[in-house]
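Reproduced below: protein02.tsv, with TSV, C-alpha atoms.
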```
chain	number	residue	atom	x	y	z
A	1	MET	CA	0.00	0.00	0.00
A	2	ARG	CA	2.82	2.33	0.93
A	3	VAL	CA	4.56	1.61	-2.40
A	4	SER	CA	1.33	2.17	-4.31
A	5	GLY	CA	0.73	5.46	-2.50
A	6	LEU	CA	4.29	6.60	-3.21
A	7	LEU	CA	3.92	5.81	-6.89
A	8	HIS	CA	0.64	7.68	-7.00
A	9	LEU	CA	2.30	10.70	-5.39
A	10	LEU	CA	5.20	10.59	-7.85
A	11	VAL	CA	2.79	10.42	-10.82
A	12	LEU	CA	0.87	13.39	-9.44
A	13	ILE	CA	4.05	15.43	-8.95
A	14	PHE	CA	5.27	14.53	-12.46
A	15	GLY	CA	1.92	15.60	-13.92
A	16	LEU	CA	2.04	18.93	-12.10
A	17	VAL	CA	5.63	19.63	-13.21
A	18	THR	CA	4.82	18.74	-16.85
A	19	THR	CA	1.76	20.97	-16.82
A	20	TRP	CA	3.73	23.87	-15.31
A	21	VAL	CA	6.49	23.58	-17.95
A	22	PHE	CA	3.92	23.48	-20.75
A	23	VAL	CA	2.02	26.52	-19.44
A	24	ARG	CA	5.23	28.50	-18.98
A	25	ARG	CA	6.43	27.77	-22.50
A	26	TYR	CA	3.00	28.55	-23.95
A	27	ILE	CA	2.87	31.90	-22.18
A	28	ASN	CA	6.42	32.82	-23.26
A	29	PHE	CA	5.65	31.84	-26.84
A	30	ASN	CA	2.50	33.92	-26.97
A	31	MET	CA	4.21	36.90	-25.32
A	32	LYS	CA	6.96	36.77	-27.96
A	33	THR	CA	4.36	36.55	-30.71
A	34	ILE	CA	2.47	39.54	-29.33
A	35	LEU	CA	5.63	41.59	-28.89
A	36	LEU	CA	6.93	40.76	-32.35
A	37	GLY	CA	3.54	41.56	-33.86
A	38	SER	CA	3.59	44.90	-32.11
A	39	VAL	CA	7.06	45.68	-33.43
A	40	TYR	CA	6.08	44.80	-36.98
A	41	LYS	CA	3.02	47.03	-36.80
A	42	GLU	CA	4.92	49.96	-35.34
A	43	ASN	CA	8.01	49.63	-37.52
A	44	PRO	CA	7.18	50.59	-41.13
A	45	SER	CA	10.41	49.03	-42.35
A	46	HIS	CA	8.74	45.64	-42.03
A	47	SER	CA	5.76	46.66	-44.18
A	48	VAL	CA	5.54	45.83	-47.87
A	49	LYS	CA	7.56	48.37	-49.84
A	50	THR	CA	6.48	49.66	-53.23
A	51	LYS	CA	8.51	51.43	-55.88
A	52	CYS	CA	8.63	55.20	-55.29
A	53	GLY	CA	6.48	54.70	-52.19
A	54	LEU	CA	3.23	54.25	-54.13
A	55	SER	CA	0.12	53.28	-52.20
A	56	LYS	CA	0.03	49.98	-54.12
A	57	SER	CA	2.29	48.09	-56.49
A	58	CYS	CA	1.96	48.47	-60.24
A	59	PRO	CA	0.90	45.48	-62.36
A	60	ASP	CA	3.22	43.77	-64.82
A	61	ASN	CA	4.23	45.81	-67.86
A	62	PHE	CA	3.62	49.08	-65.99
A	63	PHE	CA	6.18	51.54	-64.60
A	64	ALA	CA	5.76	53.16	-61.19
A	65	PHE	CA	6.39	56.90	-60.86
A	66	LYS	CA	5.95	59.79	-58.46
A	67	ILE	CA	6.45	63.47	-59.26
A	68	THR	CA	6.35	66.23	-56.63
A	69	SER	CA	6.54	69.92	-57.45
A	70	GLY	CA	8.58	72.37	-55.45
A	71	ALA	CA	7.18	74.11	-52.38
A	72	ALA	CA	7.33	77.87	-52.97
A	73	ASN	CA	11.00	78.76	-53.56
A	74	VAL	CA	12.19	76.82	-50.50
A	75	VAL	CA	11.94	73.07	-51.12
A	76	GLY	CA	12.86	71.70	-54.51
A	77	PRO	CA	10.88	69.15	-56.54
A	78	SER	CA	11.50	65.43	-56.90
A	79	VAL	CA	11.04	62.90	-59.67
A	80	CYS	CA	11.04	59.14	-58.96
A	81	PHE	CA	10.68	56.38	-61.56
A	82	GLU	CA	10.63	52.61	-60.91
A	83	GLY	CA	12.07	53.09	-57.45
A	84	GLN	CA	14.91	55.30	-58.67
A	85	MET	CA	15.05	58.91	-57.49
A	86	ILE	CA	16.05	60.72	-60.68
A	87	MET	CA	15.84	64.31	-59.46
A	88	SER	CA	15.65	65.76	-55.94
A	89	PRO	CA	17.12	68.42	-53.65
A	90	VAL	CA	19.23	65.70	-52.00
A	91	LYS	CA	20.79	64.81	-55.35
A	92	ASN	CA	21.37	68.53	-55.91
A	93	ASN	CA	20.17	68.37	-59.52
A	94	VAL	CA	16.99	70.48	-59.40
A	95	GLY	CA	16.51	74.18	-59.96
A	96	ARG	CA	14.11	77.07	-60.42
A	97	GLY	CA	11.74	76.68	-63.37
A	98	LEU	CA	10.96	73.36	-65.04
A	99	ASN	CA	12.66	70.13	-63.98
A	100	ILE	CA	12.45	67.48	-66.68
A	101	ALA	CA	13.46	63.82	-66.80
A	102	LEU	CA	13.38	61.67	-69.93
A	103	VAL	CA	12.86	57.91	-69.69
A	104	ASN	CA	12.82	55.24	-72.37
A	105	GLY	CA	9.17	54.14	-72.58
A	106	THR	CA	10.08	50.55	-73.43
A	107	THR	CA	13.03	49.74	-71.18
A	108	GLY	CA	12.36	52.19	-68.34
A	109	LYS	CA	15.96	53.39	-68.52
A	110	VAL	CA	16.61	57.01	-67.56
A	111	MET	CA	17.96	58.90	-70.55
A	112	THR	CA	18.67	62.34	-69.10
A	113	GLN	CA	17.47	64.97	-66.64
A	114	LYS	CA	17.76	68.75	-66.76
A	115	TYR	CA	16.20	71.87	-65.30
A	116	PHE	CA	15.45	75.09	-67.14
A	117	ASP	CA	15.30	78.52	-65.50
A	118	MET	CA	11.94	79.92	-66.61
A	119	TYR	CA	12.34	83.25	-64.82
A	120	SER	CA	15.58	84.66	-66.21
A	121	GLY	CA	16.98	81.83	-68.34
A	122	ASP	CA	17.12	81.30	-72.11
A	123	ALA	CA	13.82	79.84	-73.33
A	124	ASN	CA	15.48	78.69	-76.55
A	125	LEU	CA	17.39	76.05	-74.59
A	126	LEU	CA	14.10	74.46	-73.55
A	127	VAL	CA	12.72	74.67	-77.09
A	128	LYS	CA	15.79	72.85	-78.45
A	129	PHE	CA	15.56	70.22	-75.69
A	130	LEU	CA	11.88	69.48	-76.32
A	131	LYS	CA	12.31	69.27	-80.08
A	132	GLU	CA	15.09	66.70	-79.76
A	133	ILE	CA	13.13	64.25	-77.59
A	134	PRO	CA	13.15	60.84	-79.37
A	135	GLU	CA	9.99	58.93	-80.21
A	136	GLY	CA	8.72	56.60	-77.51
A	137	THR	CA	10.16	58.70	-74.68
A	138	LEU	CA	8.34	59.37	-71.42
A	139	VAL	CA	8.61	62.97	-70.23
A	140	LEU	CA	8.31	63.73	-66.49
A	141	VAL	CA	8.01	67.39	-65.46
A	142	ALA	CA	7.96	69.16	-62.09
A	143	SER	CA	7.75	72.92	-61.51
A	144	TYR	CA	9.71	74.86	-58.91
A	145	ASP	CA	9.29	78.49	-57.89
A	146	ASP	CA	8.42	80.06	-61.27
A	147	PRO	CA	7.78	77.86	-64.32
A	148	GLY	CA	5.91	80.38	-66.44
A	149	THR	CA	7.56	83.77	-66.95
A	150	LYS	CA	9.61	82.64	-69.96
A	151	MET	CA	6.87	80.47	-71.43
A	152	ASN	CA	5.99	81.28	-75.04
A	153	ASP	CA	3.60	79.91	-77.63
A	154	GLU	CA	6.17	77.54	-79.10
A	155	ILE	CA	6.97	75.94	-75.74
A	156	ARG	CA	3.28	75.65	-74.86
A	157	LYS	CA	2.61	73.88	-78.17
A	158	LEU	CA	5.52	71.48	-77.67
A	159	PHE	CA	4.23	70.48	-74.24
A	160	SER	CA	0.69	70.19	-75.60
A	161	ASN	CA	2.01	67.79	-78.23
A	162	LEU	CA	3.40	65.67	-75.39
A	163	GLY	CA	-0.12	65.35	-74.01
A	164	SER	CA	-0.38	68.34	-71.65
A	165	THR	CA	-3.70	70.06	-71.07
A	166	TYR	CA	-2.47	72.87	-68.81
A	167	ALA	CA	0.74	74.00	-70.54
A	168	LYS	CA	-1.28	76.53	-72.52
A	169	GLN	CA	-2.19	78.39	-69.31
A	170	LEU	CA	0.96	77.89	-67.26
A	171	GLY	CA	2.05	81.20	-65.75
A	172	PHE	CA	4.08	82.99	-63.08
A	173	ARG	CA	4.63	80.84	-59.97
A	174	ASP	CA	2.00	78.24	-60.88
A	175	SER	CA	2.40	74.67	-59.61
A	176	TRP	CA	2.55	71.95	-62.27
A	177	VAL	CA	3.41	68.23	-62.43
A	178	PHE	CA	3.08	66.23	-65.62
A	179	LEU	CA	3.93	62.94	-67.31
A	180	GLY	CA	3.57	62.77	-71.07
A	181	ALA	CA	5.13	61.05	-74.07
A	182	LYS	CA	6.68	62.06	-77.35
A	183	ASP	CA	4.27	60.10	-79.54
A	184	LEU	CA	1.13	60.41	-77.41
A	185	ASN	CA	-1.93	60.72	-79.65
A	186	SER	CA	-4.24	62.01	-76.91
A	187	LYS	CA	-4.15	64.02	-73.70
A	188	SER	CA	-2.21	62.49	-70.83
A	189	PRO	CA	-4.19	61.37	-67.75
A	190	PHE	CA	-1.15	62.16	-65.61
A	191	GLU	CA	-1.19	65.88	-64.90
A	192	GLU	CA	-1.95	68.25	-62.02
A	193	PHE	CA	-2.05	72.04	-62.15
A	194	LEU	CA	-2.66	74.77	-59.58
A	195	LYS	CA	-2.91	78.44	-60.49
A	196	ASN	CA	-1.06	81.08	-58.53
A	197	ASN	CA	-3.86	82.97	-56.77
A	198	PRO	CA	-3.06	85.35	-53.88
A	199	ASP	CA	-6.54	84.82	-52.43
A	200	VAL	CA	-6.12	81.07	-51.96
A	201	ASN	CA	-2.34	80.42	-52.05
A	202	LYS	CA	-1.09	78.14	-49.29
A	203	TYR	CA	2.30	79.82	-49.15
A	204	ASP	CA	3.07	83.53	-49.26
A	205	GLY	CA	3.12	84.18	-53.01
A	206	TRP	CA	2.88	80.54	-54.16
A	207	PRO	CA	0.18	77.85	-54.35
A	208	GLU	CA	0.74	74.57	-52.49
A	209	LEU	CA	2.94	71.84	-53.89
A	210	LEU	CA	1.46	69.11	-56.05
A	211	GLU	CA	2.11	65.37	-56.01
A	212	LEU	CA	1.38	63.03	-58.88
A	213	GLU	CA	1.85	59.26	-58.73
A	214	GLY	CA	0.68	56.28	-60.71
A	215	CYS	CA	1.46	53.42	-63.09
A	216	VAL	CA	2.24	54.21	-66.68
A	217	PRO	CA	2.05	51.39	-69.25
A	218	GLN	CA	5.25	50.14	-70.81
A	219	LYS	CA	5.46	50.85	-74.51
A	220	VAL	CA	5.52	47.59	-76.42
A	221	TYR	CA	6.38	47.50	-80.10
```
Could I get this file's structure written as structure tokens?
Amino acid sequence: MRVSGLLHLLVLIFGLVTTWVFVRRYINFNMKTILLGSVYKENPSHSVKTKCGLSKSCPDNFFAFKITSGAANVVGPSVCFEGQMIMSPVKNNVGRGLNIALVNGTTGKVMTQKYFDMYSGDANLLVKFLKEIPEGTLVLVASYDDPGTKMNDEIRKLFSNLGSTYAKQLGFRDSWVFLGAKDLNSKSPFEEFLKNNPDVNKYDGWPELLELEGCVPQKVY
């Protein structure tokens, strides 16, 4: 009887110890899961990243882009394409006027980027640049400070031929972002424009900055 009672006691103790170990490990596991889940939610670096920071990824055979105009004459514009920042204040390759990047519409390769001073610069330089754009080229444009003082009818027509709707009315200190193409047969759906209006301007003397993002189809021959 004593042996039987001892065995019963040992079985009971073993059961209690096993249960305690299981509960402890279960609690630790769940605490780690909760803590890790919290870190992943609070740390954006663990979230799904998209090219150029778009709200959602582009489908196959589409290029991701984001264009941001300058803010007044303080913060320069930026142009991002397929996850590559082509122009920005950090890269120190933007300037007053119109900032333009050219991208091959088939390969997505950046061809060139330049800015043109539209306040006191030579408008003929922009005319020459626009006329030499090859067929099948995507044209990304961001304004900064003043994009309109040196605008003339020839420049407006060249931009209109790239698919712009608002180039014809672009003026002093307006905000403008645009994506067009050399051989576009219709108006581009990628364009934002904000008129300089002292009554509603966000900044002192300038309208607010504009941001344009989206997915542009790859040109397939």
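If you measure from each of A:Gly205, A:Gly214, A:Gly97, A:Gly76 to Gly148 (chain A) using only C-alpha atoms, the closest one turns out to be A:Gly97.
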Please provide the set of residues having any atom within 9 Å of Val103 (chain A), restricted to all atoms listed in the file, with same-chain residues fewer than 5 positions apart removed, written as a PDB file with C-alpha atoms, keeping the file's coordinate frame.
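Result file follows (around-v6.pdb):
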```pdb
ATOM      1  CA  PHE A  81      10.680  56.380 -61.560  1.00  0.00           C
ATOM      2  CA  GLY A 108      12.360  52.190 -68.340  1.00  0.00           C
ATOM      3  CA  LYS A 109      15.960  53.390 -68.520  1.00  0.00           C
ATOM      4  CA  VAL A 110      16.610  57.010 -67.560  1.00  0.00           C
ATOM      5  CA  MET A 111      17.960  58.900 -70.550  1.00  0.00           C
ATOM      6  CA  THR A 112      18.670  62.340 -69.100  1.00  0.00           C
ATOM      7  CA  GLN A 113      17.470  64.970 -66.640  1.00  0.00           C
ATOM      8  CA  GLY A 136       8.720  56.600 -77.510  1.00  0.00           C
ATOM      9  CA  THR A 137      10.160  58.700 -74.680  1.00  0.00           C
ATOM     10  CA  LEU A 138       8.340  59.370 -71.420  1.00  0.00           C
ATOM     11  CA  VAL A 139       8.610  62.970 -70.230  1.00  0.00           C
ATOM     12  CA  LEU A 140       8.310  63.730 -66.490  1.00  0.00           C
TER      13      LEU A 140
END
```
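The coordinates place CA of Arg156 (chain A) at 5.2 Å from CA of Lys168 (chain A).
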request  = Rank nothing, just name the residue among A:Trp206, A:Tyr166, A:Phe190, A:Tyr115 nearest to Lys66 (chain A), using all atoms listed in the file.
outcome  = A:Phe190
query = What's the 7 Å shell around region 50-62 of chain A, counting only C-alpha atoms, without same-chain residues fewer than 2 positions away, as a ChimeraX atom specification?
reply = /A:48,64-66,80-83,213,215-218
ask   = Which one of A:Arg173, A:Ser143, A:Ala72, A:Asn92 sits closest to Lys202 (chain A) if you count all atoms listed in the file?
value =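 Of the candidates, the smallest distance to Lys202 (chain A) is held by A:Ala72.
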note = One decimal place gives the CA of Ala167 (chain A)-CA of Ile155 (chain A) separation as 8.3 Å
query = Taking only C-alpha atoms into account, which of A:Phe129, A:Phe159, A:Tyr203, A:Phe172 comes nearest Leu184 (chain A)?
reply =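 Once distances to Leu184 (chain A) are computed over only C-alpha atoms, the minimum belongs to A:Phe159.
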task = Determine the nearest neighbour of Pro134 (chain A) from the options A:Ser120, A:Asp183, A:Ile86, A:Pro189, counting only C-alpha atoms.
result = A:Asp183
